[in-house]
$ cat final26.cif   # mmCIF, C-alpha atoms and all ligand atoms
data_run
loop_
_atom_site.label_atom_id
_atom_site.label_comp_id
_atom_site.auth_asym_id
_atom_site.auth_seq_id
_atom_site.Cartn_x
_atom_site.Cartn_y
_atom_site.Cartn_z
CA MET A 1 144.83 209.07 108.81
CA LEU A 2 144.55 210.65 112.23
CA ASN A 3 142.87 208.91 115.17
CA TYR A 4 140.97 210.75 117.89
CA THR A 5 140.22 209.79 121.48
CA THR A 6 137.60 212.42 122.36
CA GLU A 7 134.97 214.39 120.47
CA ASN A 8 133.20 217.15 122.42
CA ILE A 9 131.38 220.42 122.06
CA VAL A 10 133.37 222.96 124.10
CA PHE A 11 132.69 226.57 125.04
CA LEU A 12 135.79 227.78 126.89
CA GLU A 13 138.78 226.56 124.88
CA VAL A 14 138.24 229.13 122.09
CA PRO A 15 136.90 232.54 123.25
CA ASP A 16 133.50 233.54 121.82
CA GLU A 17 133.19 230.30 119.85
CA VAL A 18 131.19 227.11 120.18
CA SER A 19 133.67 224.50 119.07
CA LEU A 20 133.54 220.91 117.95
CA ALA A 21 136.75 219.62 119.53
CA TYR A 22 138.84 216.53 118.81
CA THR A 23 141.72 215.17 120.86
CA ILE A 24 144.06 213.69 118.25
CA SER A 25 146.16 210.61 119.03
CA GLY A 26 149.92 210.55 118.66
CA CYS A 27 151.44 213.47 120.58
CA THR A 28 155.10 212.66 121.25
CA LEU A 29 155.96 215.52 123.61
CA GLY A 30 155.30 213.56 126.80
CA CYS A 31 154.58 216.51 129.08
CA LYS A 32 154.63 215.54 132.75
CA GLY A 33 151.07 215.81 134.06
CA CYS A 34 149.43 215.66 130.60
CA HIS A 35 145.69 215.20 131.11
CA SER A 36 145.30 213.17 127.91
CA SER A 37 148.16 210.69 128.10
CA ASP A 38 145.72 208.01 126.89
CA SER A 39 146.01 209.69 123.48
CA TRP A 40 149.81 209.46 123.26
CA HIS A 41 149.79 206.24 121.22
CA LYS A 42 148.88 207.13 117.65
CA ASP A 43 146.74 204.01 117.20
CA ASN A 44 144.49 204.73 120.19
CA GLY A 45 140.96 205.92 119.56
CA ALA A 46 138.99 205.86 116.32
CA PRO A 47 139.91 207.04 112.82
CA LEU A 48 138.94 210.62 111.99
CA SER A 49 138.15 210.13 108.33
CA LEU A 50 137.13 213.00 106.07
CA ASP A 51 133.77 211.26 105.55
CA TYR A 52 133.08 210.94 109.26
CA PHE A 53 134.16 214.53 109.91
CA SER A 54 131.93 215.76 107.11
CA GLN A 55 128.96 213.95 108.65
CA ARG A 56 129.67 215.54 112.03
CA LEU A 57 129.87 219.02 110.49
CA LYS A 58 126.52 218.38 108.85
CA ALA A 59 125.00 217.17 112.13
CA TYR A 60 126.18 220.31 113.96
CA GLN A 61 125.43 222.75 111.14
CA GLY A 62 124.21 226.03 112.63
CA LEU A 63 125.12 224.91 116.15
CA ILE A 64 128.90 225.38 116.09
CA SER A 65 131.09 228.24 114.94
CA CYS A 66 134.52 226.65 115.16
CA VAL A 67 136.40 223.35 114.98
CA LEU A 68 139.22 222.73 117.45
CA PHE A 69 141.96 220.13 117.05
CA LEU A 70 143.95 219.29 120.16
CA GLY A 71 147.05 218.09 118.33
CA GLY A 72 147.44 216.49 114.91
CA GLU A 73 150.10 218.86 113.57
CA TRP A 74 152.44 215.85 113.38
CA GLU A 75 150.47 214.50 110.39
CA LEU A 76 149.93 217.56 108.26
CA SER A 77 148.71 215.67 105.19
CA ALA A 78 145.81 214.31 107.23
CA LEU A 79 145.06 217.46 109.23
CA LEU A 80 145.01 219.98 106.37
CA PRO A 81 142.03 218.43 104.50
CA LEU A 82 139.99 218.45 107.72
CA LEU A 83 140.78 222.12 108.30
CA LYS A 84 140.04 223.01 104.69
CA LEU A 85 136.69 221.23 104.88
CA ALA A 86 135.75 223.12 108.05
CA ARG A 87 136.69 226.44 106.46
CA SER A 88 134.70 225.60 103.34
CA LYS A 89 131.68 225.43 105.66
CA ALA A 90 132.48 228.96 106.93
CA LEU A 91 133.68 227.66 110.28
CA ASN A 92 136.61 229.09 112.21
CA THR A 93 139.45 226.71 113.04
CA CYS A 94 141.78 226.36 116.01
CA LEU A 95 144.78 224.19 116.84
CA TYR A 96 146.15 223.53 120.31
CA THR A 97 149.78 222.47 119.91
CA GLY A 98 152.50 221.79 122.46
CA LEU A 99 155.05 223.19 119.99
CA ASP A 100 156.20 226.82 120.09
CA ASP A 101 155.20 227.39 116.46
CA VAL A 102 153.78 225.63 113.40
CA THR A 103 154.41 225.96 109.67
CA PRO A 104 152.97 228.82 107.56
CA THR A 105 151.08 226.17 105.53
CA LEU A 106 149.23 225.09 108.64
CA LYS A 107 148.70 228.62 109.93
CA ALA A 108 147.07 229.50 106.61
CA GLU A 109 144.20 227.16 107.51
CA LEU A 110 143.82 228.33 111.11
CA THR A 111 141.88 231.16 112.69
CA TYR A 112 143.38 230.59 116.16
CA LEU A 113 146.53 228.92 117.47
CA LYS A 114 147.47 227.89 121.01
CA THR A 115 151.19 227.20 121.34
CA GLY A 116 153.40 225.90 124.13
CA ARG A 117 153.68 222.61 125.95
CA TRP A 118 152.20 221.94 129.38
CA LEU A 119 154.59 222.93 132.17
CA ALA A 120 152.83 222.48 135.49
CA GLU A 121 155.11 224.95 137.29
CA LEU A 122 154.12 227.75 134.87
CA GLY A 123 150.46 226.88 134.48
CA GLY A 124 148.08 227.08 131.55
CA LEU A 125 146.48 229.96 129.68
CA ASP A 126 144.84 231.24 132.86
CA SER A 127 148.23 231.73 134.55
CA PRO A 128 150.18 235.02 134.36
CA PHE A 129 153.40 232.96 134.28
CA THR A 130 152.42 230.62 131.48
CA ASN A 131 154.70 229.71 128.57
CA GLN A 132 151.57 229.12 126.47
CA ARG A 133 150.05 231.66 124.10
CA PHE A 134 146.65 231.81 122.46
CA THR A 135 146.76 233.90 119.27
CA ASP A 136 144.05 235.18 116.94
CA LEU A 137 145.93 234.66 113.69
CA ARG A 138 143.70 237.12 111.83
CA THR A 139 145.09 239.99 113.85
CA GLY A 140 148.14 238.53 115.60
CA GLN A 141 146.56 239.51 118.91
CA CYS A 142 147.39 237.47 122.00
CA LEU A 143 144.12 236.48 123.67
CA ASN A 144 145.56 235.02 126.90
CA HIS A 145 143.68 237.68 128.87
CA ARG A 146 140.43 235.99 127.82
CA PHE A 147 141.35 232.93 129.90
CA THR A 148 141.93 234.74 133.16
CA CYS A 149 139.33 235.80 135.70
CA ASN A 150 140.49 239.44 135.77
S1 LIG B 201 151.53 218.73 124.24
FE1 LIG B 201 149.50 218.44 125.18
S2 LIG B 201 148.86 216.36 124.55
FE2 LIG B 201 151.06 216.51 124.15
S3 LIG B 201 151.98 215.64 126.01
FE3 LIG B 201 151.89 217.87 126.27
S4 LIG B 201 149.97 218.26 127.38
FE4 LIG B 201 149.86 216.16 126.53
#

$ encode --input "final26.cif" --output "structure tokens"
Amino acid sequence: MLNYTTENIVFLEVPDEVSLAYTISGCTLGCKGCHSSDSWHKDNGAPLSLDYFSQRLKAYQGLISCVLFLGGEWELSALLPLLKLARSKALNTCLYTGLDDVTPTLKAELTYLKTGRWLAELGGLDSPFTNQRFTDLRTGQCLNHRFTCN
């Protein structure tokens, strides 16, 4: 089972979506300057059970349009059922990963994918120099321009 350290409603991380977002424990990439290093240990936080997640989707029914997981790709067998449940409720799904790509099996359950680790010298999605990419997997379109001011 996956653990999570934060659960928030977010408006900016996925363009045009109101997202229920979870920071998942256990990222091993160790980016220098990571803003959620408290989530690096996989046992930190609380368990994100399918039952609990289902209750949260029910509580936010009609108020959210998307579910966002910040990590969790390292435990596919636990992440996939959560994504499938969200999609069964007609919600869009998004994964923020520090990897440069994820498996086709995982992509099949995602509407959006943010790839690329945090490199402070290149900046995040709002930087023209970033190594990160935010993709709408339905069209393959890069949506990085939605994160910049221009
Ligand atoms: S990929 Fe994200 S969560 Fe993982 S260490 Fe890098 S910035 Fe932190």

$ residues_around --input "final26.cif" --residues "segment 116-125 of chain A" --least-positions-apart "6" --cutoff "7 Å" --atoms "all atoms listed in the file" --output "ChimeraX atom specification"
/A:31,34,97-100,131-133,144,147

$ residues_around --input "final26.cif" --residues "segment 36-41 of chain A" --least-positions-apart "4" --cutoff "8 Å" --atoms "only C-alpha atoms" --output "short mmCIF file (atom, residue, chain, number, x, y, z; two decimals) with C-alpha atoms, in the coordinates of the input"
data_model
loop_
_atom_site.label_atom_id
_atom_site.label_comp_id
_atom_site.auth_asym_id
_atom_site.auth_seq_id
_atom_site.Cartn_x
_atom_site.Cartn_y
_atom_site.Cartn_z
CA TYR A 4 140.97 210.75 117.89
CA THR A 5 140.22 209.79 121.48
CA THR A 23 141.72 215.17 120.86
CA ILE A 24 144.06 213.69 118.25
CA SER A 25 146.16 210.61 119.03
CA GLY A 26 149.92 210.55 118.66
CA CYS A 27 151.44 213.47 120.58
CA THR A 28 155.10 212.66 121.25
CA GLY A 30 155.30 213.56 126.80
CA GLY A 45 140.96 205.92 119.56
#

$ closest_residue --input "final26.cif" --among "A:Leu29, A:Val10, A:Leu143, A:Leu2" --to "ligand LIG 201 (chain B)" --atoms "only C-alpha atoms and all ligand atoms"
A:Leu29

$ closest_residue --input "final26.cif" --among "A:Asn8, A:Gln141, A:Asn3, A:Gln61" --to "Trp74 of chain A" --atoms "all atoms listed in the file"
A:Asn3

$ atom_distance --input "final26.cif" --atom1 "atom CA of Glu13 of chain A" --atom2 "atom CA of Glu109 of chain A"
18.2 Å

$ decode --input "final26.cif" --residues "segment 120-133 of chain A" --atoms "all heavy atoms" --output "mmCIF file, in the first residue's frame"
data_model
loop_
_atom_site.group_PDB
_atom_site.id
_atom_site.type_symbol
_atom_site.label_atom_id
_atom_site.label_comp_id
_atom_site.auth_asym_id
_atom_site.auth_seq_id
_atom_site.Cartn_x
_atom_site.Cartn_y
_atom_site.Cartn_z
ATOM 1 N N ALA A 120 17.249 22.522 -9.933
ATOM 2 C CA ALA A 120 17.066 23.937 -9.582
ATOM 3 C C ALA A 120 17.633 24.871 -10.648
ATOM 4 O O ALA A 120 17.059 25.921 -10.942
ATOM 5 C CB ALA A 120 17.724 24.210 -8.231
ATOM 6 N N GLU A 121 18.747 24.474 -11.265
ATOM 7 C CA GLU A 121 19.389 25.364 -12.244
ATOM 8 C C GLU A 121 18.566 25.499 -13.532
ATOM 9 O O GLU A 121 18.763 26.447 -14.306
ATOM 10 C CB GLU A 121 20.819 24.884 -12.553
ATOM 11 C CG GLU A 121 20.949 23.527 -13.215
ATOM 12 C CD GLU A 121 20.953 22.346 -12.244
ATOM 13 O OE1 GLU A 121 20.432 22.491 -11.123
ATOM 14 O OE2 GLU A 121 21.470 21.279 -12.633
ATOM 15 N N LEU A 122 17.658 24.574 -13.788
ATOM 16 C CA LEU A 122 16.824 24.638 -14.992
ATOM 17 C C LEU A 122 15.423 25.154 -14.695
ATOM 18 O O LEU A 122 14.736 25.667 -15.576
ATOM 19 C CB LEU A 122 16.736 23.253 -15.650
ATOM 20 C CG LEU A 122 18.068 22.660 -16.125
ATOM 21 C CD1 LEU A 122 17.843 21.305 -16.776
ATOM 22 C CD2 LEU A 122 18.751 23.601 -17.110
ATOM 23 N N GLY A 123 14.998 24.995 -13.458
ATOM 24 C CA GLY A 123 13.686 25.498 -13.062
ATOM 25 C C GLY A 123 12.561 24.519 -13.358
ATOM 26 O O GLY A 123 12.768 23.475 -13.983
ATOM 27 N N GLY A 124 11.374 24.888 -12.911
ATOM 28 C CA GLY A 124 10.199 24.031 -13.064
ATOM 29 C C GLY A 124 9.431 24.321 -14.340
ATOM 30 O O GLY A 124 9.969 24.887 -15.299
ATOM 31 N N LEU A 125 8.173 23.942 -14.357
ATOM 32 C CA LEU A 125 7.360 24.048 -15.567
ATOM 33 C C LEU A 125 7.196 25.490 -16.053
ATOM 34 O O LEU A 125 6.891 25.723 -17.220
ATOM 35 C CB LEU A 125 5.977 23.418 -15.320
ATOM 36 C CG LEU A 125 5.968 21.887 -15.194
ATOM 37 C CD1 LEU A 125 4.621 21.405 -14.659
ATOM 38 C CD2 LEU A 125 6.288 21.226 -16.535
ATOM 39 N N ASP A 126 7.391 26.444 -15.161
ATOM 40 C CA ASP A 126 7.249 27.845 -15.561
ATOM 41 C C ASP A 126 8.543 28.426 -16.135
ATOM 42 O O ASP A 126 8.603 29.608 -16.471
ATOM 43 C CB ASP A 126 6.773 28.697 -14.377
ATOM 44 C CG ASP A 126 7.728 28.614 -13.190
ATOM 45 O OD1 ASP A 126 8.628 27.747 -13.210
ATOM 46 O OD2 ASP A 126 7.564 29.411 -12.253
ATOM 47 N N SER A 127 9.560 27.589 -16.272
ATOM 48 C CA SER A 127 10.854 28.067 -16.785
ATOM 49 C C SER A 127 11.030 27.663 -18.248
ATOM 50 O O SER A 127 10.757 26.518 -18.623
ATOM 51 C CB SER A 127 11.992 27.459 -15.954
ATOM 52 O OG SER A 127 13.219 27.577 -16.654
ATOM 53 N N PRO A 128 11.530 28.575 -19.087
ATOM 54 C CA PRO A 128 11.779 28.214 -20.497
ATOM 55 C C PRO A 128 12.927 27.224 -20.656
ATOM 56 O O PRO A 128 13.094 26.630 -21.716
ATOM 57 C CB PRO A 128 12.121 29.561 -21.155
ATOM 58 C CG PRO A 128 12.543 30.456 -20.039
ATOM 59 C CD PRO A 128 11.812 30.002 -18.817
ATOM 60 N N PHE A 129 13.717 27.041 -19.600
ATOM 61 C CA PHE A 129 14.893 26.157 -19.678
ATOM 62 C C PHE A 129 14.647 24.800 -19.042
ATOM 63 O O PHE A 129 15.540 23.976 -18.952
ATOM 64 C CB PHE A 129 16.092 26.830 -18.995
ATOM 65 C CG PHE A 129 16.306 28.239 -19.440
ATOM 66 C CD1 PHE A 129 16.018 29.303 -18.605
ATOM 67 C CD2 PHE A 129 16.760 28.503 -20.733
ATOM 68 C CE1 PHE A 129 16.198 30.614 -19.023
ATOM 69 C CE2 PHE A 129 16.943 29.809 -21.163
ATOM 70 C CZ PHE A 129 16.657 30.872 -20.309
ATOM 71 N N THR A 130 13.431 24.571 -18.579
ATOM 72 C CA THR A 130 13.167 23.389 -17.765
ATOM 73 C C THR A 130 13.402 22.073 -18.506
ATOM 74 O O THR A 130 13.214 21.993 -19.733
ATOM 75 C CB THR A 130 11.716 23.418 -17.222
ATOM 76 O OG1 THR A 130 11.563 22.383 -16.260
ATOM 77 C CG2 THR A 130 10.703 23.224 -18.350
ATOM 78 N N ASN A 131 13.798 21.063 -17.752
ATOM 79 C CA ASN A 131 13.881 19.687 -18.263
ATOM 80 C C ASN A 131 12.545 18.980 -18.102
ATOM 81 O O ASN A 131 12.385 17.845 -18.577
ATOM 82 C CB ASN A 131 14.938 18.910 -17.481
ATOM 83 C CG ASN A 131 14.596 18.844 -15.998
ATOM 84 O OD1 ASN A 131 14.374 19.887 -15.369
ATOM 85 N ND2 ASN A 131 14.528 17.652 -15.435
ATOM 86 N N GLN A 132 11.586 19.621 -17.417
ATOM 87 C CA GLN A 132 10.318 18.970 -17.122
ATOM 88 C C GLN A 132 9.317 19.211 -18.256
ATOM 89 O O GLN A 132 9.399 20.205 -18.969
ATOM 90 C CB GLN A 132 9.748 19.499 -15.803
ATOM 91 C CG GLN A 132 10.703 19.233 -14.638
ATOM 92 C CD GLN A 132 10.133 19.685 -13.298
ATOM 93 O OE1 GLN A 132 9.341 20.614 -13.229
ATOM 94 N NE2 GLN A 132 10.557 19.028 -12.240
ATOM 95 N N ARG A 133 8.374 18.295 -18.367
ATOM 96 C CA ARG A 133 7.371 18.408 -19.446
ATOM 97 C C ARG A 133 6.023 17.971 -18.909
ATOM 98 O O ARG A 133 5.905 16.911 -18.282
ATOM 99 C CB ARG A 133 7.796 17.519 -20.609
ATOM 100 C CG ARG A 133 6.858 17.554 -21.801
ATOM 101 C CD ARG A 133 7.347 16.582 -22.879
ATOM 102 N NE ARG A 133 6.316 16.381 -23.896
ATOM 103 C CZ ARG A 133 6.259 17.011 -25.061
ATOM 104 N NH1 ARG A 133 7.193 17.850 -25.394
ATOM 105 N NH2 ARG A 133 5.275 16.779 -25.915
#
